[in-house]
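Text of the file protein.txt, holding compact mmCIF, N, CA and C atoms:
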# COMPACT_ATOMS: atom_id res chain seq x y z
N GLU A 1 67.97 132.19 25.48
CA GLU A 1 67.32 133.30 24.79
C GLU A 1 65.94 132.89 24.27
N GLN A 2 65.84 131.70 23.65
CA GLN A 2 64.54 131.26 23.12
C GLN A 2 63.53 131.04 24.24
N ARG A 3 64.01 130.65 25.42
CA ARG A 3 63.11 130.44 26.54
C ARG A 3 62.38 131.72 26.91
N HIS A 4 63.04 132.86 26.70
CA HIS A 4 62.43 134.14 27.03
C HIS A 4 61.62 134.71 25.87
N LYS A 5 62.10 134.52 24.64
CA LYS A 5 61.39 135.07 23.48
C LYS A 5 60.20 134.23 23.05
N LYS A 6 60.27 132.92 23.24
CA LYS A 6 59.20 131.98 22.87
C LYS A 6 58.69 132.25 21.45
N PRO A 7 59.54 132.00 20.46
CA PRO A 7 59.20 132.35 19.08
C PRO A 7 58.22 131.41 18.37
N PHE A 8 57.93 130.24 18.95
CA PHE A 8 57.07 129.27 18.28
C PHE A 8 55.63 129.46 18.76
N LYS A 9 54.79 130.05 17.90
CA LYS A 9 53.42 130.44 18.26
C LYS A 9 52.41 129.41 17.77
N CYS A 10 51.36 129.22 18.54
CA CYS A 10 50.26 128.35 18.13
C CYS A 10 49.46 129.06 17.05
N ASP A 11 49.09 128.33 16.00
CA ASP A 11 48.36 128.94 14.89
C ASP A 11 46.85 128.67 14.92
N VAL A 12 46.36 128.14 16.03
CA VAL A 12 44.92 127.87 16.17
C VAL A 12 44.23 129.15 16.63
N ALA A 13 43.16 129.50 15.93
CA ALA A 13 42.44 130.75 16.24
C ALA A 13 41.99 130.78 17.69
N ASP A 14 42.08 131.95 18.30
CA ASP A 14 41.64 132.20 19.68
C ASP A 14 42.45 131.48 20.75
N CYS A 15 43.55 130.87 20.40
CA CYS A 15 44.39 130.21 21.41
C CYS A 15 45.26 131.27 22.08
N PRO A 16 45.29 131.31 23.42
CA PRO A 16 46.12 132.31 24.10
C PRO A 16 47.62 132.15 23.81
N ARG A 17 48.01 130.95 23.37
CA ARG A 17 49.43 130.72 23.09
C ARG A 17 49.84 131.26 21.71
N ARG A 18 48.92 131.90 21.00
CA ARG A 18 49.28 132.60 19.75
C ARG A 18 50.16 133.79 20.08
N ILE A 19 49.97 134.35 21.28
CA ILE A 19 50.72 135.53 21.71
C ILE A 19 51.96 135.12 22.48
N GLU A 20 51.78 134.30 23.52
CA GLU A 20 52.91 133.93 24.38
C GLU A 20 53.89 132.99 23.68
N GLY A 21 53.42 131.97 23.00
CA GLY A 21 54.27 131.06 22.26
C GLY A 21 55.02 130.06 23.12
N PHE A 22 55.96 129.37 22.49
CA PHE A 22 56.74 128.30 23.12
C PHE A 22 58.21 128.46 22.77
N ALA A 23 59.06 127.93 23.63
CA ALA A 23 60.51 128.05 23.45
C ALA A 23 61.04 127.11 22.38
N THR A 24 60.38 125.95 22.19
CA THR A 24 60.88 124.97 21.21
C THR A 24 59.73 124.48 20.33
N PRO A 25 60.06 123.99 19.15
CA PRO A 25 59.01 123.42 18.29
C PRO A 25 58.39 122.17 18.92
N ASN A 26 59.16 121.42 19.71
CA ASN A 26 58.60 120.24 20.38
C ASN A 26 57.54 120.64 21.40
N ASP A 27 57.79 121.74 22.12
CA ASP A 27 56.79 122.23 23.08
C ASP A 27 55.50 122.63 22.36
N LEU A 28 55.65 123.28 21.21
CA LEU A 28 54.48 123.67 20.42
C LEU A 28 53.72 122.44 19.92
N ASP A 29 54.43 121.43 19.41
CA ASP A 29 53.77 120.21 18.94
C ASP A 29 53.03 119.50 20.07
N ARG A 30 53.66 119.42 21.23
CA ARG A 30 53.03 118.79 22.39
C ARG A 30 51.75 119.54 22.78
N HIS A 31 51.81 120.87 22.77
CA HIS A 31 50.64 121.70 23.06
C HIS A 31 49.52 121.41 22.08
N LYS A 32 49.82 121.37 20.80
CA LYS A 32 48.79 121.14 19.78
C LYS A 32 48.16 119.76 19.94
N ARG A 33 48.98 118.75 20.22
CA ARG A 33 48.43 117.40 20.40
C ARG A 33 47.53 117.33 21.63
N SER A 34 47.92 118.03 22.69
CA SER A 34 47.17 117.96 23.94
C SER A 34 45.95 118.86 23.97
N VAL A 35 46.10 120.09 23.51
CA VAL A 35 45.04 121.09 23.64
C VAL A 35 44.15 121.17 22.41
N HIS A 36 44.71 120.95 21.24
CA HIS A 36 43.96 121.06 19.98
C HIS A 36 44.09 119.77 19.16
N PRO A 37 43.68 118.62 19.68
CA PRO A 37 43.92 117.36 18.97
C PRO A 37 43.26 117.27 17.61
N GLY A 38 42.18 117.99 17.38
CA GLY A 38 41.49 117.92 16.09
C GLY A 38 41.97 118.95 15.09
N SER A 39 42.87 119.85 15.48
CA SER A 39 43.27 120.93 14.60
C SER A 39 44.20 120.48 13.48
N GLN A 40 45.01 119.48 13.75
CA GLN A 40 45.93 118.95 12.75
C GLN A 40 46.19 117.49 13.09
N THR A 41 46.71 116.76 12.14
CA THR A 41 47.10 115.39 12.44
C THR A 41 48.59 115.40 12.77
N ILE A 42 48.87 115.52 14.05
CA ILE A 42 50.26 115.53 14.51
C ILE A 42 50.44 114.32 15.41
N GLY A 43 51.12 113.33 14.92
CA GLY A 43 51.40 112.16 15.74
C GLY A 43 50.18 111.29 16.00
N ASN A 44 50.42 110.22 16.72
CA ASN A 44 49.36 109.28 17.04
C ASN A 44 48.66 109.67 18.34
N ARG A 45 47.46 109.15 18.50
CA ARG A 45 46.72 109.25 19.75
C ARG A 45 46.41 107.82 20.17
N TYR A 46 46.22 107.60 21.47
CA TYR A 46 46.13 106.25 21.99
C TYR A 46 44.88 106.04 22.84
N VAL A 47 44.35 104.80 22.80
CA VAL A 47 43.25 104.39 23.67
C VAL A 47 43.67 103.08 24.34
N CYS A 48 43.24 102.90 25.58
CA CYS A 48 43.61 101.71 26.33
C CYS A 48 42.76 100.54 25.87
N GLN A 49 43.41 99.43 25.56
CA GLN A 49 42.73 98.22 25.08
C GLN A 49 42.64 97.13 26.15
N ILE A 50 43.09 97.42 27.36
CA ILE A 50 43.10 96.41 28.42
C ILE A 50 41.69 96.27 28.99
N GLY A 51 41.18 95.05 29.00
CA GLY A 51 39.80 94.73 29.34
C GLY A 51 39.13 95.53 30.44
N PRO A 52 39.59 95.42 31.69
CA PRO A 52 38.86 96.06 32.79
C PRO A 52 39.17 97.54 33.02
N CYS A 53 39.84 98.19 32.09
CA CYS A 53 40.26 99.58 32.28
C CYS A 53 39.04 100.51 32.42
N LYS A 54 39.10 101.39 33.41
CA LYS A 54 38.03 102.37 33.63
C LYS A 54 38.13 103.56 32.67
N ASN A 55 39.24 103.65 31.96
CA ASN A 55 39.48 104.79 31.06
C ASN A 55 39.35 104.40 29.59
N LYS A 56 38.47 103.47 29.27
CA LYS A 56 38.31 103.00 27.88
C LYS A 56 37.93 104.12 26.90
N GLU A 57 37.24 105.15 27.37
CA GLU A 57 36.79 106.23 26.51
C GLU A 57 37.83 107.33 26.34
N LYS A 58 38.85 107.35 27.18
CA LYS A 58 39.85 108.41 27.15
C LYS A 58 40.79 108.23 25.96
N ILE A 59 41.15 109.34 25.34
CA ILE A 59 42.12 109.34 24.24
C ILE A 59 43.35 110.10 24.73
N TRP A 60 44.49 109.43 24.73
CA TRP A 60 45.75 110.08 25.13
C TRP A 60 46.44 110.63 23.89
N PRO A 61 46.69 111.94 23.83
CA PRO A 61 47.38 112.52 22.68
C PRO A 61 48.89 112.36 22.74
N ARG A 62 49.41 111.95 23.89
CA ARG A 62 50.86 111.82 24.05
C ARG A 62 51.23 110.41 24.48
N ALA A 63 52.20 109.83 23.76
CA ALA A 63 52.63 108.46 24.06
C ALA A 63 53.21 108.36 25.47
N ASP A 64 53.94 109.37 25.93
CA ASP A 64 54.55 109.28 27.26
C ASP A 64 53.50 109.23 28.36
N ASN A 65 52.42 109.99 28.22
CA ASN A 65 51.34 109.93 29.21
C ASN A 65 50.59 108.60 29.14
N PHE A 66 50.42 108.07 27.93
CA PHE A 66 49.76 106.78 27.80
C PHE A 66 50.60 105.67 28.42
N LYS A 67 51.91 105.71 28.18
CA LYS A 67 52.81 104.72 28.79
C LYS A 67 52.74 104.82 30.31
N ALA A 68 52.68 106.03 30.84
CA ALA A 68 52.59 106.22 32.29
C ALA A 68 51.28 105.60 32.81
N HIS A 69 50.19 105.75 32.06
CA HIS A 69 48.92 105.13 32.43
C HIS A 69 49.08 103.61 32.50
N LEU A 70 49.69 103.02 31.48
CA LEU A 70 49.87 101.57 31.45
C LEU A 70 50.71 101.09 32.64
N LYS A 71 51.74 101.84 32.97
CA LYS A 71 52.60 101.46 34.10
C LYS A 71 51.88 101.65 35.44
N ARG A 72 51.21 102.79 35.60
CA ARG A 72 50.59 103.13 36.87
C ARG A 72 49.33 102.30 37.14
N VAL A 73 48.45 102.20 36.15
CA VAL A 73 47.15 101.55 36.35
C VAL A 73 47.21 100.05 36.11
N HIS A 74 47.95 99.63 35.09
CA HIS A 74 47.96 98.23 34.70
C HIS A 74 49.27 97.51 35.04
N MET A 75 50.15 98.19 35.75
CA MET A 75 51.40 97.61 36.26
C MET A 75 52.28 97.00 35.16
N LYS A 76 52.26 97.61 33.97
CA LYS A 76 53.13 97.14 32.89
C LYS A 76 54.47 97.85 33.02
N ASP A 77 55.51 97.10 33.40
CA ASP A 77 56.83 97.71 33.58
C ASP A 77 57.47 98.14 32.27
N THR A 78 57.23 97.36 31.22
CA THR A 78 57.77 97.72 29.91
C THR A 78 56.63 97.80 28.91
N VAL A 79 56.74 98.77 28.02
CA VAL A 79 55.73 98.96 26.98
C VAL A 79 56.46 98.89 25.64
N SER A 80 56.16 97.87 24.86
CA SER A 80 56.84 97.68 23.58
C SER A 80 56.20 98.54 22.49
N ASP A 81 56.89 98.66 21.37
CA ASP A 81 56.32 99.36 20.22
C ASP A 81 55.05 98.68 19.73
N GLU A 82 55.01 97.34 19.84
CA GLU A 82 53.83 96.59 19.43
C GLU A 82 52.64 96.93 20.34
N ASP A 83 52.92 97.09 21.66
CA ASP A 83 51.86 97.49 22.59
C ASP A 83 51.27 98.83 22.16
N LEU A 84 52.13 99.78 21.87
CA LEU A 84 51.66 101.11 21.45
C LEU A 84 50.92 101.05 20.13
N GLU A 85 51.47 100.29 19.19
CA GLU A 85 50.86 100.18 17.86
C GLU A 85 49.43 99.63 17.94
N SER A 86 49.21 98.69 18.84
CA SER A 86 47.87 98.09 18.95
C SER A 86 46.88 99.03 19.62
N CYS A 87 47.36 100.11 20.22
CA CYS A 87 46.48 101.04 20.94
C CYS A 87 46.30 102.38 20.23
N ILE A 88 46.76 102.49 19.00
CA ILE A 88 46.60 103.74 18.26
C ILE A 88 45.13 103.98 17.97
N TYR A 89 44.68 105.18 18.30
CA TYR A 89 43.29 105.58 18.06
C TYR A 89 43.09 105.84 16.58
N LYS A 90 42.07 105.22 15.99
CA LYS A 90 41.81 105.41 14.56
C LYS A 90 40.42 105.92 14.33
Let me see the file written as structure tokens.
Amino acid sequence: EQRHKKPFKCDVADCPRRIEGFATPNDLDRHKRSVHPGSQTIGNRYVCQIGPCKNKEKIWPRADNFKAHLKRVHMKDTVSDEDLESCIYK
């Protein structure tokens, strides 16, 4: 039922998702971190600290996408909490 009603609406002005909304609060939080990173402080954002990385300027708003970058680009099979902690964007 929630998938069809999408009761969780984005509260950022002029965002099209103010009308359509999201099925879960997690979907809404993920949207805000990805699309409106400066609108609120929701969770951490990450930057790659590995020396030769071509994406040094990129900021990842989602830990899962950042972990995928580390695995895909830098061949890191496991990413520890310490790895993530050292890459938090401040």
Restricting the calculation to all atoms listed in the file, which member of A:Ala23, A:Glu82, A:Lys90, A:Gly51 is positioned closest to Glu1 (chain A)?
-> A:Ala23
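Put simply, atom N of Asp29 (chain A) is 14.4 Å away from CA of Arg45 (chain A).
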List every residue of chain A that DSSP, applied to the backbone of this structure, assigns to helix (DSSP H, G or I), and report them as a PyMOL selection string.
-> chain A and resi 2-5+17-20+25-35+63-74+81-86
State, in Å with one decimal place, the distance from CA of Asp77 (chain A) to atom N of Asn65 (chain A).
->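 Between these atoms lies a distance of 14.1 Å.
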Distance CA of Val12 (chain A)-CA of Glu57 (chain A), one decimal place?
->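 Taking CA of Val12 (chain A) as the start and CA of Glu57 (chain A) as the end point, the length is 25.3 Å.
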Shell of 8 Å around Ile19 (chain A), all atoms listed in the file, local chain residues under 4 positions omitted, as an MDAnalysis selection string | chainID A and resid 6 8:10 15
Nearest residue to Ala63 (chain A) from the set A:Cys48, A:Leu84, A:Ala13, A:Val35 (distances using only N, CA and C atoms) = A:Leu84
DSSP on the backbone, then: every residue of chain A marked strand (DSSP E or B), written as a list in words.
-> Phe8, Phe22, Tyr46, Trp60 and Ile88 of chain A
Those same residues - N, CA and C atoms - I'd like them written as a short mmCIF file (atom, residue, chain, number, x, y, z; two decimals), in the frame of the given file.
data_model
loop_
_atom_site.label_atom_id
_atom_site.label_comp_id
_atom_site.auth_asym_id
_atom_site.auth_seq_id
_atom_site.Cartn_x
_atom_site.Cartn_y
_atom_site.Cartn_z
N PHE A 8 57.93 130.24 18.95
CA PHE A 8 57.07 129.27 18.28
C PHE A 8 55.63 129.46 18.76
N PHE A 22 55.96 129.37 22.49
CA PHE A 22 56.74 128.30 23.12
C PHE A 22 58.21 128.46 22.77
N TYR A 46 46.22 107.60 21.47
CA TYR A 46 46.13 106.25 21.99
C TYR A 46 44.88 106.04 22.84
N TRP A 60 44.49 109.43 24.73
CA TRP A 60 45.75 110.08 25.13
C TRP A 60 46.44 110.63 23.89
N ILE A 88 46.76 102.49 19.00
CA ILE A 88 46.60 103.74 18.26
C ILE A 88 45.13 103.98 17.97
#
Around all the atoms of region 71-84 of chain A listed in the file, draw an axis-aligned box and extend it by 5 Å on each of the six sides; I want its centre and edge lengths in Å to one decimal, as AutoDock Vina command-line options.
--center_x 52.5 --center_y 99.9 --center_z 28.3 --size_x 20.6 --size_y 16.5 --size_z 27.7
